[in-house]
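Here the structure is laid out as structure tokens; the discussion comes afterwards.
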Amino acid sequence: MRIYLIRHGQTEWNSEGKAQGHTDVQLDRVGRAQARLVAEFFDLKCLGRIYCSDLTRCQQTALPTSDLLEMPLLLDARLRERTFGELEGQHYTVLKAYFDGVARDQKLPRWEIRPKGGESLLDVWERVKPLVDEILAANEDTAIFSHGGTCALMLAQIMRAPIETALSFRFDNCSVTELKRLPIGAWQLRRYSDCRHLDVLHDDLAEA
């Protein structure tokens, strides 16, 4: 069994460094081109299922792959990014200052910090865990189109690591992370935040 974790393509808010959370931002021109290249990566691969966050930026990323392989998207709100509540739409430097301050003043681990009206990483961990368990039990090669923070939490869960491990992971837009289950039951990380399939796009942009 193989699992592919794909972060959505680039949006305008990504370029501006804004926290998107549940705000339904669409892909920009680069993000749409990235989505087409992800589909080419999956061409001829035998996927059993394609799961996708129900937010627009993920659906726009996954649809070219779904169309090429003639497979339906299994939309699931549990794959959404963490919502940042009142901090949504703020620059990531604002979020960093907020989380640094709460961690210092309240002596809370970062995965337990919940902005007003938002979620903690622990909230998202518990939200997505039942779906990860379902996917693993199905034992089919599966592509999962989601968000950076959510992909980090799922990667930690699949590798049976504690939640704080997710803080170490970062995923580029439209990167592919691939895991293979070995006969002994352990998971082998075959590729991590791999963007080699996007090299053609980077070359085109450099020439423009």
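Quick note on naming: the chains in the structure tokens go A, B, ... in the order shown, residues restart at 1 in each chain, and ligands are numbered from 1 in order of appearance.
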Produce a table with one row for each residue of region 5-118 of chain A that has an atom at most 9 Å from any atom of region 155-170 of chain A, each row naming the nearest atom pair and its distance in Å at one decimal; use only C-alpha atoms; arrange rows by chain and rising residue number; format as a Markdown table.
| residue | atom | partner | partner_atom | distance |
| --- | --- | --- | --- | --- |
| A:Leu5 | CA | A:Leu155 | CA | 8.1 |
| A:Pro109 | CA | A:Glu164 | CA | 8.8 |
| A:Arg110 | CA | A:Glu164 | CA | 8.4 |
| A:Trp111 | CA | A:Glu164 | CA | 7.0 |
**Q.** Within 8 Å of Cys151 (chain A) using only C-alpha atoms, minus same-chain residues under 5 positions, as a PyMOL selection string
**A.** chain A and resi 5-7+146+171
Q: Could you give me, as a list in words, the residues within 9 Å of region 38-41 of chain A, counting only C-alpha atoms and dropping anything in the same chain fewer than 6 positions from it?
A: Ile6, Thr61, Ala62, Leu63, Pro64, Thr65, Ser66, Asp67, Leu68, Leu69, Cys174, Ser175, Val176, His197 and Leu198 of chain A
Q) Hey, which of A:Leu73, A:Ala97, A:Val30, A:Cys46 ends up closest to Phe145 (chain A)? Count only C-alpha atoms. A)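 Looking at the shortest contact to Phe145 (chain A), the residue is A:Leu73.
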Q: For Leu27 (chain A), list every protein, DNA or RNA residue within 9 Å, evaluated using only C-alpha atoms, and leave out those in the same chain fewer than 2 positions away; present the list as a PyMOL selection string.
A: chain A and resi 8-12+25+29-32+56-58+60-61
Q: For region 127-140 of chain A, list every protein, DNA or RNA residue within 6 Å, evaluated using only C-alpha atoms, and leave out those in the same chain fewer than 6 positions away; present the list as a PyMOL selection string.
A: chain A and resi 1+48+78
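Backbone DSSP assigns strand (DSSP E or B) in region 2-116 of chain A to Arg2, Ile3, Tyr4, Leu5, Ile6, Arg7, Thr11, Lys18, Leu27, Arg49, Ile50, Tyr51, Cys52, Leu74, Leu75 and His91 of chain A.
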**Q.** Which residue of A:Ile3, A:Ile113, A:Asp123, A:Gln26 approaches Arg181 (chain A) most closely, using only C-alpha atoms
**A.**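 With only C-alpha atoms as the atom set, the closest residue is A:Ile3.
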Q: One decimal, Å: what's the distance from CA of Gly89 (chain A) over to CA of Glu126 (chain A), could you say?
A: 24.1 Å
